[in-house]
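S.K.: Sharing a structure below in structure tokens format, with a few things to ask.
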Amino acid sequence: MALDEQTLASLKSKANTLRQDIVKMVAEANSGHPGGSLSAADIVTVLYFHEMELDPNDPENPNRDRFVLSKGHASPVLYAALAEKGFFPKEELMTFRKINARLQGHPSKKSLPGVEMSTGSLGQGLSAANGMALAGKIDKKDYRVFVMLGDGEIQEGMIWEAAMAAGHFKLDNLTAFLDYNRLQIDGNVEDIMNPAPVDEKFRAFGWHVIDIDGHDMNQIDDAIQEAKRTKGKPTLIIANTIKGKGVSFMENEVGWHGSAPNEEQLQQALKELNGGKQND
């Protein structure tokens, strides 16, 4: 079922806000990973502002839904969502990657409310999400666990051990998103170590697999609802995305995997994200 017009407009506005915060944070720090943060923004928006049950005033509520950013270098999109949701003041976003700041280059569960897993060592997030989902089964909780993987990240062997375990334990309360933007730090994913066909591999491990446009919020929401209806197996949502989505000169450019915009580039990005209006 399609999202109603008001909800869709609100979510698109939120995603745009997250994208603006992402480029501002990375520019202020003169360091970070804008490309994969921008590609994931629409998925993160639907999760945090439409789907997941979360209370920023009670971040450790045992019944809360969980989100694990396995590709931890995309921390700007997570921080932007947490701040927008109210887990910490938005002004703190500008401390990104600063010495002694809570918002480090990779998320730390010890320092920041709302972060479910300290990530950054690629390949580990799915295993952590498995543990959370299995604990929910054992404790008879009805929370759901979401995890976001990078397409370069799934070249890690630990991902496939975790995929096998999730299927074995029938973790139908687990949904993984694959941010399939097809670029990693060294170039095209298929040239570095081609993981395709991803769908067939995960199905072989006992997963339900859905293929979507990762920038279409109706498709994102529909896939989440389908995952919730799927019993006896975890779900992988292959989200076909564009690296650097929303900023024309960053889109599909591998150089923006881990580069910060200068002031002129920042203003151009913000102008585009503001629909052509000059940024104040």
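Ordering of the structure tokens sets the chain letters (A, B, ...), residue numbers begin anew at 1 in every chain, and ligands are numbered from 1 in the order given.
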Give one line per residue of stretch 111-178 of chain A that approaches stretch 186-202 of chain A to at most 8 Å, naming the two atoms of the closest pair and their distance in Å to one decimal, counting only C-alpha atoms; sort by chain then ascending residue number and deliver it as CSV.
M.R.:
residue,atom,partner,partner_atom,distance
A:Asp151,CA,A:Val189,CA,7.1
A:Gly152,CA,A:Val189,CA,5.9
A:Ile154,CA,A:Pro195,CA,7.1
A:Gln155,CA,A:Pro195,CA,6.4
A:Ala163,CA,A:Phe202,CA,7.0
S.K.: Can I get the selected residues back with N, CA and C atoms, as a short mmCIF file (atom, residue, chain, number, x, y, z; two decimals), in the first residue's frame?
M.R.:
data_model
loop_
_atom_site.label_atom_id
_atom_site.label_comp_id
_atom_site.auth_asym_id
_atom_site.auth_seq_id
_atom_site.Cartn_x
_atom_site.Cartn_y
_atom_site.Cartn_z
N ASP A 151 27.60 -2.69 0.04
CA ASP A 151 27.85 -3.70 -0.98
C ASP A 151 29.32 -4.08 -1.04
N GLY A 152 30.22 -3.16 -0.74
CA GLY A 152 31.62 -3.53 -0.61
C GLY A 152 31.85 -4.37 0.64
N ILE A 154 30.00 -6.63 1.94
CA ILE A 154 29.62 -8.04 1.87
C ILE A 154 30.69 -8.89 1.19
N GLN A 155 31.80 -8.27 0.83
CA GLN A 155 32.97 -9.05 0.41
C GLN A 155 33.65 -9.71 1.62
N ALA A 163 25.11 -14.68 7.67
CA ALA A 163 23.96 -14.98 6.82
C ALA A 163 23.50 -16.41 7.02
#
S.K.: I'd like the neighbourhood of A:Phe205 as a short mmCIF file (atom, residue, chain, number, x, y, z; two decimals) with C-alpha atoms, in the first residue's frame, where a residue qualifies if any of its atoms comes within 8 Å (using only C-alpha atoms), though same-chain residues fewer than 5 positions away should be ignored.
M.R.:
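So the final result, stored in around_26.cif, reads:
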data_model
loop_
_atom_site.label_atom_id
_atom_site.label_comp_id
_atom_site.auth_asym_id
_atom_site.auth_seq_id
_atom_site.Cartn_x
_atom_site.Cartn_y
_atom_site.Cartn_z
CA ALA A 163 23.96 -14.98 6.82
CA MET A 164 24.14 -18.73 7.33
CA GLY A 167 18.86 -18.52 8.16
CA HIS A 168 19.63 -21.45 10.45
#
S.K.: Which value, in Å to one decimal, gives the distance between atom CA of A:Glu84 and atom CA of A:Ile224?
M.R.: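 Taking atom CA of A:Glu84 as the start and atom CA of A:Ile224 as the end point, the length is 21.6 Å.
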S.K.: For atom CA of A:Pro59 and atom CA of A:Asp216, quote the distance in Å rounded to one decimal.
M.R.: 28.7 Å
S.K.: By how many Å are atom CA of A:Phe49 and atom CA of A:Lys14 apart?
M.R.: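 One can read the atom CA of A:Phe49 to atom CA of A:Lys14 distance as 8.1 Å.
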S.K.: For A:Gly255, which residue among A:Gly35, A:Phe169, A:His106, A:Glu53 is the nearest when counting only C-alpha atoms?
M.R.: A:Gly35
S.K.: Which is closer to A:Glu226 than all the others in A:Val147, A:Ala165, A:Met1, A:Gly105, using only C-alpha atoms?
M.R.: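 Result for the nearest residue to A:Glu226: A:Met1.
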S.K.: Identify, on the basis of only C-alpha atoms, every residue whose closest approach to A:Ala223 does not exceed 8 Å; exclude the query and any residue fewer than 4 positions from it along the same chain; express the result as a list of chain:residue names.
M.R.: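 Contacts, with the query itself left out: A:Ile210, A:Ile212, A:Gln219, A:Ala227, A:Ile237.
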S.K.: A:Gly157: which residues within 10 Å, counting only C-alpha atoms, same-chain residues fewer than 4 positions away excluded, as a ChimeraX atom specification?
M.R.: /A:123-124,153,161-162
S.K.: Counting only C-alpha atoms, which residue out of A:Thr45, A:Gln20, A:Asn274, A:Ser118 sits closest to A:Leu82?
M.R.: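 Nearest to A:Leu82: A:Thr45.
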S.K.: Name the residues of stretch 63-263 of chain A that fall into strand (DSSP E) according to DSSP on the backbone, using the chain letters and numbers of this document, as a ChimeraX atom specification.
M.R.: /A:66-69,145-150,174-180,183-184,187-188,208-213,235-240
S.K.: So which one's closest to A:Ala135, A:Arg66, A:Lys110, A:Arg102, A:Arg182? Using only C-alpha atoms, please.
M.R.: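 Ranked by minimum distance to A:Ala135, first place goes to A:Arg66.
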S.K.: Write out as a PyMOL selection string all residues of stretch 48-133 of chain A that backbone DSSP assigns to alpha helix (DSSP H).
M.R.: chain A and resi 75-85+125-133
S.K.: Write out the residues from the selection above, keeping N, CA and C atoms, as a compact mmCIF listing (two decimals), in the first residue's frame.
M.R.:
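Heads up, here's the output in result.txt:
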# COMPACT_ATOMS: atom_id res chain seq x y z
N SER A 75 28.52 6.88 9.23
CA SER A 75 27.99 7.43 10.48
C SER A 75 27.26 8.76 10.30
N PRO A 76 27.64 9.65 9.35
CA PRO A 76 26.89 10.90 9.24
C PRO A 76 25.39 10.72 9.06
N VAL A 77 24.96 9.71 8.31
CA VAL A 77 23.52 9.53 8.13
C VAL A 77 22.86 9.06 9.41
N LEU A 78 23.55 8.25 10.20
CA LEU A 78 23.00 7.80 11.48
C LEU A 78 22.93 8.96 12.46
N TYR A 79 24.00 9.74 12.56
CA TYR A 79 24.00 10.88 13.48
C TYR A 79 22.93 11.90 13.10
N ALA A 80 22.78 12.15 11.81
CA ALA A 80 21.77 13.11 11.36
C ALA A 80 20.37 12.64 11.76
N ALA A 81 20.11 11.34 11.61
CA ALA A 81 18.79 10.80 11.98
C ALA A 81 18.57 10.84 13.49
N LEU A 82 19.58 10.46 14.25
CA LEU A 82 19.44 10.47 15.71
C LEU A 82 19.20 11.88 16.23
N ALA A 83 19.91 12.85 15.68
CA ALA A 83 19.72 14.24 16.11
C ALA A 83 18.33 14.74 15.73
N GLU A 84 17.91 14.44 14.52
CA GLU A 84 16.58 14.87 14.06
C GLU A 84 15.48 14.21 14.89
N LYS A 85 15.74 12.99 15.34
CA LYS A 85 14.77 12.26 16.16
C LYS A 85 14.74 12.77 17.60
N GLY A 125 28.58 -6.14 11.69
CA GLY A 125 27.26 -5.68 12.12
C GLY A 125 26.16 -6.72 12.00
N LEU A 126 26.22 -7.55 10.97
CA LEU A 126 25.18 -8.56 10.80
C LEU A 126 25.22 -9.57 11.93
N SER A 127 26.41 -9.95 12.38
CA SER A 127 26.51 -10.88 13.51
C SER A 127 25.89 -10.27 14.77
N ALA A 128 26.17 -8.99 15.01
CA ALA A 128 25.60 -8.32 16.18
C ALA A 128 24.08 -8.26 16.07
N ALA A 129 23.58 -7.94 14.88
CA ALA A 129 22.14 -7.89 14.67
C ALA A 129 21.51 -9.27 14.87
N ASN A 130 22.21 -10.32 14.42
CA ASN A 130 21.74 -11.68 14.67
C ASN A 130 21.53 -11.91 16.17
N GLY A 131 22.54 -11.49 16.96
CA GLY A 131 22.44 -11.69 18.40
C GLY A 131 21.26 -10.98 19.00
N MET A 132 21.02 -9.75 18.55
CA MET A 132 19.87 -8.99 19.06
C MET A 132 18.56 -9.67 18.68
N ALA A 133 18.48 -10.14 17.44
CA ALA A 133 17.26 -10.81 16.98
C ALA A 133 17.04 -12.12 17.71
S.K.: Taking only C-alpha atoms into account, which of A:His73, A:Lys231, A:His50, A:Lys141 comes nearest A:Leu122?
M.R.: A:His73
S.K.: Write out as a list in words which residues come within 12 Å of A:Asn61 when counting only C-alpha atoms, dropping same-chain ones fewer than 4 positions away.
M.R.: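 The residues that qualify are Glu53, Leu54, Asp55, Pro56, Asn57, Asp65, Arg66, Pro113, Gly114, Glu116, Lys141 and Tyr143 of chain A.
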S.K.: Output the selection as a CSV table (one decimal), in the first residue's frame - C-alpha atoms for each residue.
M.R.:
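Saved file selection-v4.csv follows:
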chain,number,residue,atom,x,y,z
A,53,GLU,CA,9.4,2.1,17.6
A,54,LEU,CA,11.9,4.3,19.4
A,55,ASP,CA,11.8,6.8,22.3
A,56,PRO,CA,14.7,9.2,22.5
A,57,ASN,CA,13.7,9.8,26.2
A,65,ASP,CA,13.3,-1.7,17.7
A,66,ARG,CA,17.0,-1.9,16.9
A,113,PRO,CA,22.4,7.3,23.0
A,114,GLY,CA,20.6,5.6,20.2
A,116,GLU,CA,23.0,0.1,19.2
A,141,LYS,CA,10.0,-9.8,22.7
A,143,TYR,CA,10.8,-5.8,18.7
S.K.: I need the residue nearest A:Ala40 from this list: A:Ala269, A:Ala204, A:Val115, A:Leu69. Use only C-alpha atoms for the distance.
M.R.: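 Looking at the shortest contact to A:Ala40, the residue is A:Leu69.
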S.K.: Using only C-alpha atoms, which protein or nucleic acid residues come within 8 Å of A:Ala15? Drop anything in the same chain fewer than 4 positions from it, and give the result as an mmCIF file with C-alpha atoms, in the first residue's frame.
M.R.:
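Output file out29.cif follows:
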data_model
loop_
_atom_site.group_PDB
_atom_site.id
_atom_site.type_symbol
_atom_site.label_atom_id
_atom_site.label_comp_id
_atom_site.auth_asym_id
_atom_site.auth_seq_id
_atom_site.Cartn_x
_atom_site.Cartn_y
_atom_site.Cartn_z
ATOM 1 C CA LEU A 11 9.483 11.730 4.754
ATOM 2 C CA ARG A 19 21.283 15.043 3.410
ATOM 3 C CA ALA A 41 19.444 8.533 3.577
ATOM 4 C CA ASP A 42 16.042 7.519 2.194
ATOM 5 C CA THR A 45 14.526 8.161 6.976
#
